Amino acid sequence: MTSVVAHRGFAGVNPENTVGAVRAAADHAALVEVDVVACADGTPVVFHDDRLDDGDGSRGITDGEGAVRNRHPSTVTDAIVLASGETVPTLDRLLAETATPLNVELKRPRAATIRRGTLSPADRAAARERWQPFVDRVLAALDDRRVLASSFCEGALAAVRAESQGVDLAPLCRGFETGRELAARYDADAIHPSLDALRAADPDALAADLDAGHAINAWTVRTWTEARDAARAGADGVIADYPGLERWLDE
């Protein structure tokens, strides 16, 4: 049976990455996905974009200003998301005020430059070191709460595995072979390909990963036709912006 992961707490109908969104999505998804990034002092906050405002390609979804990595946590957590009355939460607050199973995407440490995808052996150690302080703080906040940790960045996946063998992992990818490689290297439990990557995946490779026990969750699904296509392509789950798509997953 294909399951639904609520992307940012069903960002199509809720103010994304907020406590309210996670609570609203909890009864309609197997997991609720949230993004975590670092403030100036390294505090993990639940947010997606580089900036609180609309500079440098960010969407301007809060009434705050500046790059999150340069702001004190109190400045970030005072920012109101999409005029909803919901503010940007710290990861600690989100965990304290919700109980639903989470998919935590490790989005960005304080480092201004991060690299997605696979890395050469020579680059892996440096990437892990850049991520390690932030990942350690995230894992400390999670304590014994069961989550699925995901990331586009090999450095983040390596940092999780350096700290813990017990945390469930899922590489995010825009090419299925990249996801397979990272899943094998870091003993991942799932692979999260884009819907286009899933459609283009070699059927034998996909079948091999499913047989190996890797859950395949496709992102980001926004329509019933995309949900149907993901299920027909072999996905175990869809990372979706809207609730209600599960009716199309088990035709």
# chains A, B, ... in the order shown; residues from 1 in each chain; ligands from 1

call {"tool": "closest_atom_pairs", "arguments": {"of": "range 101-138 of chain A", "to": "range 10-28 of chain A", "cutoff": "12 Å", "atoms": "only C-alpha atoms", "output": "tab-separated table"}}
result
residue	atom	partner	partner_atom	distance
A:Pro101	CA	A:Ala26	CA	8.1
A:Leu102	CA	A:Val22	CA	9.0
A:Asn103	CA	A:Val22	CA	11.1
A:Val104	CA	A:Asn17	CA	10.6
A:Glu105	CA	A:Asn17	CA	11.1

call {"tool": "select_by_dssp", "arguments": {"residues": "range 37-185 of chain A", "states": "alpha helix (DSSP H)", "output": "ChimeraX atom specification"}}
result
/A:73-77,91-97,121-142,154-163,176-185

call {"tool": "residues_around", "arguments": {"residues": "Asp229 in chain A", "least_positions_apart": "5", "cutoff": "12 Å", "atoms": "only C-alpha atoms", "output": "list in words"}}
result
Thr2, Leu195, Asp196, Leu198, Arg199, Ala200, Ala218, Trp219, Val221, Arg222, Thr223, Trp224, Gly234, Ala235, Asp236, Gly237, Val238, Leu245, Trp248, Leu249, Asp250 and Glu251 of chain A

call {"tool": "residues_around", "arguments": {"residues": "range 78-85 of chain A", "least_positions_apart": "6", "cutoff": "6 Å", "atoms": "only C-alpha atoms", "output": "list in words"}}
result
Ile61, Thr62, Asp63 and Gly64 of chain A

call {"tool": "write_last_selection", "arguments": {"atoms": "C-alpha atoms", "output": "PDB file, in the first residue's frame"}}
result
ATOM      1  CA  ILE A  61       7.091  33.831   3.066  1.00  0.00           C
ATOM      2  CA  THR A  62       7.548  35.628   6.415  1.00  0.00           C
ATOM      3  CA  ASP A  63       7.405  39.184   7.697  1.00  0.00           C
ATOM      4  CA  GLY A  64      11.039  38.896   8.817  1.00  0.00           C
TER       5      GLY A  64
END

call {"tool": "select_by_dssp", "arguments": {"residues": "range 126-195 of chain A", "states": "strand (DSSP E or B)", "output": "PyMOL selection string"}}
result
chain A and resi 147-151+153+168-173+190-194

call {"tool": "residues_around", "arguments": {"residues": "Glu65 in chain A", "least_positions_apart": "5", "cutoff": "9 Å", "atoms": "only C-alpha atoms", "output": "ChimeraX atom specification"}}
result
/A:51-55,60,71,75-76,79

call {"tool": "write_last_selection", "arguments": {"atoms": "all heavy atoms", "output": "CSV table (one decimal), in the first residue's frame"}}
result
chain,number,residue,atom,x,y,z
A,51,ARG,N,16.4,32.7,3.2
A,51,ARG,CA,16.1,34.0,3.9
A,51,ARG,C,14.7,34.1,4.3
A,51,ARG,O,13.8,33.4,3.8
A,51,ARG,CB,16.4,35.2,2.9
A,51,ARG,CG,17.8,35.3,2.4
A,51,ARG,CD,17.9,36.4,1.4
A,51,ARG,NE,17.7,37.7,2.0
A,51,ARG,CZ,18.6,38.5,2.6
A,51,ARG,NH1,19.8,38.1,2.6
A,51,ARG,NH2,18.2,39.6,3.1
A,52,LEU,N,14.5,34.9,5.3
A,52,LEU,CA,13.1,35.2,5.8
A,52,LEU,C,12.3,36.1,4.8
A,52,LEU,O,11.1,36.0,4.7
A,52,LEU,CB,13.1,35.9,7.2
A,52,LEU,CG,13.8,35.1,8.3
A,52,LEU,CD1,14.0,35.9,9.5
A,52,LEU,CD2,12.9,33.8,8.7
A,53,ASP,N,13.1,36.9,4.1
A,53,ASP,CA,12.5,37.8,3.1
A,53,ASP,C,12.7,37.2,1.7
A,53,ASP,O,13.0,36.0,1.5
A,53,ASP,CB,13.0,39.2,3.2
A,53,ASP,CG,14.5,39.2,3.1
A,53,ASP,OD1,15.1,38.4,2.3
A,53,ASP,OD2,15.2,40.0,3.8
A,54,ASP,N,12.5,38.0,0.7
A,54,ASP,CA,12.5,37.5,-0.7
A,54,ASP,C,13.8,37.8,-1.4
A,54,ASP,O,13.8,37.7,-2.7
A,54,ASP,CB,11.3,38.0,-1.5
A,54,ASP,CG,11.3,39.6,-1.6
A,54,ASP,OD1,12.2,40.2,-1.1
A,54,ASP,OD2,10.4,40.1,-2.3
A,55,GLY,N,14.9,38.0,-0.7
A,55,GLY,CA,16.1,38.3,-1.4
A,55,GLY,C,16.8,37.0,-1.8
A,55,GLY,O,16.5,35.9,-1.3
A,60,GLY,N,10.1,35.0,0.3
A,60,GLY,CA,9.5,36.0,1.1
A,60,GLY,C,8.3,35.6,1.8
A,60,GLY,O,7.3,36.3,1.8
A,71,ARG,N,20.9,35.2,11.5
A,71,ARG,CA,20.0,35.8,12.5
A,71,ARG,C,20.0,35.0,13.8
A,71,ARG,O,20.1,33.8,13.8
A,71,ARG,CB,18.6,35.8,11.9
A,71,ARG,CG,18.4,36.8,10.7
A,71,ARG,CD,18.5,38.2,11.3
A,71,ARG,NE,18.3,39.2,10.2
A,71,ARG,CZ,19.3,39.8,9.6
A,71,ARG,NH1,20.5,39.6,9.8
A,71,ARG,NH2,19.0,40.7,8.7
A,75,THR,N,15.0,36.2,16.6
A,75,THR,CA,14.6,37.0,15.4
A,75,THR,C,13.9,36.0,14.4
A,75,THR,O,12.8,36.4,13.9
A,75,THR,CB,15.8,37.6,14.7
A,75,THR,OG1,16.4,38.5,15.6
A,75,THR,CG2,15.4,38.4,13.5
A,76,VAL,N,14.4,34.9,14.2
A,76,VAL,CA,13.8,33.9,13.3
A,76,VAL,C,12.4,33.4,13.8
A,76,VAL,O,11.4,33.4,13.1
A,76,VAL,CB,14.7,32.7,13.1
A,76,VAL,CG1,14.0,31.7,12.2
A,76,VAL,CG2,16.0,33.2,12.4
A,79,ALA,N,9.3,35.6,13.4
A,79,ALA,CA,8.8,35.8,12.0
A,79,ALA,C,7.5,35.0,11.8
A,79,ALA,O,7.4,33.8,12.1
A,79,ALA,CB,9.8,35.4,11.0

call {"tool": "atom_distance", "arguments": {"atom1": "CA of Ala99 in chain A", "atom2": "CA of Val46 in chain A"}}
result
15.5 Å

call {"tool": "atom_distance", "arguments": {"atom1": "CA of Val34 in chain A", "atom2": "CA of Leu182 in chain A"}}
result
20.9 Å

call {"tool": "residues_around", "arguments": {"residues": "Glu181 in chain A", "least_positions_apart": "2", "cutoff": "12 Å", "atoms": "only C-alpha atoms", "output": "PDB file with all heavy atoms, in the first residue's frame"}}
result
ATOM      1  N   GLY A 117      24.158  15.816  -3.798  1.00  0.00           N
ATOM      2  CA  GLY A 117      24.537  14.639  -4.545  1.00  0.00           C
ATOM      3  C   GLY A 117      25.743  13.933  -3.968  1.00  0.00           C
ATOM      4  O   GLY A 117      26.136  14.161  -2.823  1.00  0.00           O
ATOM      5  N   THR A 118      26.337  13.055  -4.778  1.00  0.00           N
ATOM      6  CA  THR A 118      27.474  12.267  -4.319  1.00  0.00           C
ATOM      7  C   THR A 118      28.759  13.081  -4.412  1.00  0.00           C
ATOM      8  O   THR A 118      28.884  13.992  -5.233  1.00  0.00           O
ATOM      9  CB  THR A 118      27.621  10.993  -5.163  1.00  0.00           C
ATOM     10  OG1 THR A 118      27.756  11.356  -6.541  1.00  0.00           O
ATOM     11  CG2 THR A 118      26.411  10.093  -5.001  1.00  0.00           C
ATOM     12  N   LEU A 119      29.717  12.717  -3.569  1.00  0.00           N
ATOM     13  CA  LEU A 119      31.002  13.401  -3.516  1.00  0.00           C
ATOM     14  C   LEU A 119      32.129  12.404  -3.774  1.00  0.00           C
ATOM     15  O   LEU A 119      31.980  11.202  -3.540  1.00  0.00           O
ATOM     16  CB  LEU A 119      31.208  14.051  -2.146  1.00  0.00           C
ATOM     17  CG  LEU A 119      30.163  15.077  -1.707  1.00  0.00           C
ATOM     18  CD1 LEU A 119      30.422  15.489  -0.263  1.00  0.00           C
ATOM     19  CD2 LEU A 119      30.177  16.296  -2.624  1.00  0.00           C
ATOM     20  N   GLU A 154      25.338  14.574   0.631  1.00  0.00           N
ATOM     21  CA  GLU A 154      26.062  13.433   1.177  1.00  0.00           C
ATOM     22  C   GLU A 154      26.711  13.767   2.508  1.00  0.00           C
ATOM     23  O   GLU A 154      26.776  12.930   3.412  1.00  0.00           O
ATOM     24  CB  GLU A 154      27.115  12.930   0.189  1.00  0.00           C
ATOM     25  CG  GLU A 154      27.867  11.730   0.732  1.00  0.00           C
ATOM     26  CD  GLU A 154      28.727  11.005  -0.281  1.00  0.00           C
ATOM     27  OE1 GLU A 154      28.804  11.452  -1.450  1.00  0.00           O
ATOM     28  OE2 GLU A 154      29.320   9.971   0.107  1.00  0.00           O
ATOM     29  N   ALA A 170      17.236   8.618   4.476  1.00  0.00           N
ATOM     30  CA  ALA A 170      16.731   8.604   3.107  1.00  0.00           C
ATOM     31  C   ALA A 170      17.450   9.678   2.294  1.00  0.00           C
ATOM     32  O   ALA A 170      17.270  10.865   2.560  1.00  0.00           O
ATOM     33  CB  ALA A 170      15.227   8.856   3.071  1.00  0.00           C
ATOM     34  N   PRO A 171      18.284   9.299   1.315  1.00  0.00           N
ATOM     35  CA  PRO A 171      18.829  10.308   0.410  1.00  0.00           C
ATOM     36  C   PRO A 171      17.742  10.856  -0.506  1.00  0.00           C
ATOM     37  O   PRO A 171      16.926  10.094  -1.040  1.00  0.00           O
ATOM     38  CB  PRO A 171      19.888   9.544  -0.391  1.00  0.00           C
ATOM     39  CG  PRO A 171      19.491   8.110  -0.283  1.00  0.00           C
ATOM     40  CD  PRO A 171      18.791   7.947   1.030  1.00  0.00           C
ATOM     41  N   LEU A 172      17.723  12.164  -0.658  1.00  0.00           N
ATOM     42  CA  LEU A 172      16.880  12.824  -1.649  1.00  0.00           C
ATOM     43  C   LEU A 172      17.688  12.957  -2.935  1.00  0.00           C
ATOM     44  O   LEU A 172      18.897  13.220  -2.895  1.00  0.00           O
ATOM     45  CB  LEU A 172      16.464  14.208  -1.167  1.00  0.00           C
ATOM     46  CG  LEU A 172      15.370  14.261  -0.105  1.00  0.00           C
ATOM     47  CD1 LEU A 172      15.549  15.479   0.787  1.00  0.00           C
ATOM     48  CD2 LEU A 172      14.001  14.304  -0.773  1.00  0.00           C
ATOM     49  N   CYS A 173      17.042  12.797  -4.081  1.00  0.00           N
ATOM     50  CA  CYS A 173      17.812  12.804  -5.324  1.00  0.00           C
ATOM     51  C   CYS A 173      16.958  13.240  -6.503  1.00  0.00           C
ATOM     52  O   CYS A 173      15.745  13.062  -6.519  1.00  0.00           O
ATOM     53  CB  CYS A 173      18.408  11.423  -5.593  1.00  0.00           C
ATOM     54  SG  CYS A 173      17.182  10.087  -5.679  1.00  0.00           S
ATOM     55  N   GLY A 175      18.218  12.142  -9.488  1.00  0.00           N
ATOM     56  CA  GLY A 175      18.570  11.025 -10.360  1.00  0.00           C
ATOM     57  C   GLY A 175      18.562   9.764  -9.524  1.00  0.00           C
ATOM     58  O   GLY A 175      19.201   9.713  -8.470  1.00  0.00           O
ATOM     59  N   PHE A 176      17.844   8.738  -9.977  1.00  0.00           N
ATOM     60  CA  PHE A 176      17.639   7.573  -9.123  1.00  0.00           C
ATOM     61  C   PHE A 176      18.948   6.856  -8.813  1.00  0.00           C
ATOM     62  O   PHE A 176      19.137   6.342  -7.708  1.00  0.00           O
ATOM     63  CB  PHE A 176      16.645   6.612  -9.775  1.00  0.00           C
ATOM     64  CG  PHE A 176      16.169   5.536  -8.845  1.00  0.00           C
ATOM     65  CD1 PHE A 176      15.384   5.850  -7.746  1.00  0.00           C
ATOM     66  CD2 PHE A 176      16.528   4.207  -9.047  1.00  0.00           C
ATOM     67  CE1 PHE A 176      14.949   4.858  -6.866  1.00  0.00           C
ATOM     68  CE2 PHE A 176      16.098   3.206  -8.185  1.00  0.00           C
ATOM     69  CZ  PHE A 176      15.308   3.540  -7.086  1.00  0.00           C
ATOM     70  N   GLU A 177      19.887   6.833  -9.740  1.00  0.00           N
ATOM     71  CA  GLU A 177      21.156   6.163  -9.491  1.00  0.00           C
ATOM     72  C   GLU A 177      21.929   6.854  -8.367  1.00  0.00           C
ATOM     73  O   GLU A 177      22.625   6.200  -7.591  1.00  0.00           O
ATOM     74  CB  GLU A 177      21.991   6.091 -10.765  1.00  0.00           C
ATOM     75  CG  GLU A 177      21.499   5.049 -11.757  1.00  0.00           C
ATOM     76  CD  GLU A 177      21.404   3.652 -11.143  1.00  0.00           C
ATOM     77  OE1 GLU A 177      22.375   3.220 -10.483  1.00  0.00           O
ATOM     78  OE2 GLU A 177      20.357   2.996 -11.312  1.00  0.00           O
ATOM     79  N   THR A 178      21.827   8.176  -8.281  1.00  0.00           N
ATOM     80  CA  THR A 178      22.449   8.895  -7.163  1.00  0.00           C
ATOM     81  C   THR A 178      21.858   8.434  -5.842  1.00  0.00           C
ATOM     82  O   THR A 178      22.581   8.174  -4.875  1.00  0.00           O
ATOM     83  CB  THR A 178      22.253  10.417  -7.322  1.00  0.00           C
ATOM     84  OG1 THR A 178      22.930  10.847  -8.504  1.00  0.00           O
ATOM     85  CG2 THR A 178      22.802  11.177  -6.120  1.00  0.00           C
ATOM     86  N   GLY A 179      20.547   8.330  -5.796  1.00  0.00           N
ATOM     87  CA  GLY A 179      19.888   7.862  -4.585  1.00  0.00           C
ATOM     88  C   GLY A 179      20.295   6.455  -4.213  1.00  0.00           C
ATOM     89  O   GLY A 179      20.534   6.144  -3.041  1.00  0.00           O
ATOM     90  N   ALA A 183      22.194   5.449  -0.822  1.00  0.00           N
ATOM     91  CA  ALA A 183      21.483   4.510   0.054  1.00  0.00           C
ATOM     92  C   ALA A 183      22.372   3.337   0.417  1.00  0.00           C
ATOM     93  O   ALA A 183      22.400   2.879   1.572  1.00  0.00           O
ATOM     94  CB  ALA A 183      20.198   4.034  -0.609  1.00  0.00           C
ATOM     95  N   ALA A 184      23.115   2.824  -0.547  1.00  0.00           N
ATOM     96  CA  ALA A 184      24.008   1.706  -0.277  1.00  0.00           C
ATOM     97  C   ALA A 184      25.172   2.123   0.617  1.00  0.00           C
ATOM     98  O   ALA A 184      25.563   1.394   1.539  1.00  0.00           O
ATOM     99  CB  ALA A 184      24.534   1.141  -1.593  1.00  0.00           C
ATOM    100  N   ARG A 185      25.707   3.318   0.370  1.00  0.00           N
ATOM    101  CA  ARG A 185      26.898   3.757   1.119  1.00  0.00           C
ATOM    102  C   ARG A 185      26.585   4.025   2.583  1.00  0.00           C
ATOM    103  O   ARG A 185      27.428   3.793   3.459  1.00  0.00           O
ATOM    104  CB  ARG A 185      27.463   5.017   0.462  1.00  0.00           C
ATOM    105  CG  ARG A 185      28.791   5.496   1.056  1.00  0.00           C
ATOM    106  CD  ARG A 185      29.360   6.633   0.232  1.00  0.00           C
ATOM    107  NE  ARG A 185      29.681   6.162  -1.101  1.00  0.00           N
ATOM    108  CZ  ARG A 185      29.630   6.927  -2.206  1.00  0.00           C
ATOM    109  NH1 ARG A 185      29.245   8.193  -2.115  1.00  0.00           N
ATOM    110  NH2 ARG A 185      29.941   6.415  -3.370  1.00  0.00           N
ATOM    111  N   TYR A 186      25.370   4.505   2.862  1.00  0.00           N
ATOM    112  CA  TYR A 186      25.047   4.917   4.235  1.00  0.00           C
ATOM    113  C   TYR A 186      23.957   4.057   4.864  1.00  0.00           C
ATOM    114  O   TYR A 186      23.338   4.463   5.845  1.00  0.00           O
ATOM    115  CB  TYR A 186      24.671   6.402   4.248  1.00  0.00           C
ATOM    116  CG  TYR A 186      25.859   7.237   3.830  1.00  0.00           C
ATOM    117  CD1 TYR A 186      25.917   7.795   2.556  1.00  0.00           C
ATOM    118  CD2 TYR A 186      26.940   7.400   4.684  1.00  0.00           C
ATOM    119  CE1 TYR A 186      27.023   8.530   2.151  1.00  0.00           C
ATOM    120  CE2 TYR A 186      28.055   8.132   4.297  1.00  0.00           C
ATOM    121  CZ  TYR A 186      28.094   8.683   3.027  1.00  0.00           C
ATOM    122  OH  TYR A 186      29.206   9.397   2.637  1.00  0.00           O
ATOM    123  N   ASP A 187      23.737   2.877   4.298  1.00  0.00           N
ATOM    124  CA  ASP A 187      22.780   1.937   4.875  1.00  0.00           C
ATOM    125  C   ASP A 187      21.436   2.612   5.121  1.00  0.00           C
ATOM    126  O   ASP A 187      20.888   2.581   6.224  1.00  0.00           O
ATOM    127  CB  ASP A 187      23.333   1.349   6.183  1.00  0.00           C
ATOM    128  CG  ASP A 187      22.501   0.189   6.705  1.00  0.00           C
ATOM    129  OD1 ASP A 187      21.817  -0.455   5.897  1.00  0.00           O
ATOM    130  OD2 ASP A 187      22.529  -0.052   7.930  1.00  0.00           O
ATOM    131  N   ALA A 188      20.910   3.235   4.072  1.00  0.00           N
ATOM    132  CA  ALA A 188      19.658   3.977   4.176  1.00  0.00           C
ATOM    133  C   ALA A 188      18.463   3.039   4.195  1.00  0.00           C
ATOM    134  O   ALA A 188      18.540   1.880   3.759  1.00  0.00           O
ATOM    135  CB  ALA A 188      19.523   4.967   3.020  1.00  0.00           C
ATOM    136  N   ALA A 190      15.378   4.273   3.010  1.00  0.00           N
ATOM    137  CA  ALA A 190      14.484   4.729   1.948  1.00  0.00           C
ATOM    138  C   ALA A 190      15.283   5.528   0.938  1.00  0.00           C
ATOM    139  O   ALA A 190      16.408   5.968   1.209  1.00  0.00           O
ATOM    140  CB  ALA A 190      13.345   5.577   2.523  1.00  0.00           C
ATOM    141  N   ILE A 191      14.689   5.727  -0.226  1.00  0.00           N
ATOM    142  CA  ILE A 191      15.219   6.629  -1.251  1.00  0.00           C
ATOM    143  C   ILE A 191      14.082   7.563  -1.645  1.00  0.00           C
ATOM    144  O   ILE A 191      12.947   7.116  -1.865  1.00  0.00           O
ATOM    145  CB  ILE A 191      15.713   5.851  -2.487  1.00  0.00           C
ATOM    146  CG1 ILE A 191      16.822   4.876  -2.103  1.00  0.00           C
ATOM    147  CG2 ILE A 191      16.201   6.802  -3.572  1.00  0.00           C
ATOM    148  CD1 ILE A 191      17.231   3.939  -3.228  1.00  0.00           C
ATOM    149  N   ALA A 205      16.459  -1.717 -11.645  1.00  0.00           N
ATOM    150  CA  ALA A 205      17.110  -1.083 -10.497  1.00  0.00           C
ATOM    151  C   ALA A 205      16.087  -0.758  -9.420  1.00  0.00           C
ATOM    152  O   ALA A 205      16.331  -0.961  -8.220  1.00  0.00           O
ATOM    153  CB  ALA A 205      17.839   0.183 -10.939  1.00  0.00           C
ATOM    154  N   ASP A 209      15.939  -2.315  -5.533  1.00  0.00           N
ATOM    155  CA  ASP A 209      15.907  -1.538  -4.291  1.00  0.00           C
ATOM    156  C   ASP A 209      14.678  -1.868  -3.463  1.00  0.00           C
ATOM    157  O   ASP A 209      14.748  -1.913  -2.228  1.00  0.00           O
ATOM    158  CB  ASP A 209      15.983  -0.046  -4.610  1.00  0.00           C
ATOM    159  CG  ASP A 209      17.412   0.409  -4.806  1.00  0.00           C
ATOM    160  OD1 ASP A 209      18.139   0.508  -3.798  1.00  0.00           O
ATOM    161  OD2 ASP A 209      17.815   0.633  -5.944  1.00  0.00           O
TER     162      ASP A 209
END

call {"tool": "atom_distance", "arguments": {"atom1": "CA of Ser194 in chain A", "atom2": "CA of Arg161 in chain A"}}
result
23.4 Å

call {"tool": "residues_around", "arguments": {"residues": "Ser74 in chain A", "least_positions_apart": "6", "cutoff": "10 Å", "atoms": "only C-alpha atoms", "output": "ChimeraX atom specification"}}
result
/A:39,88-90
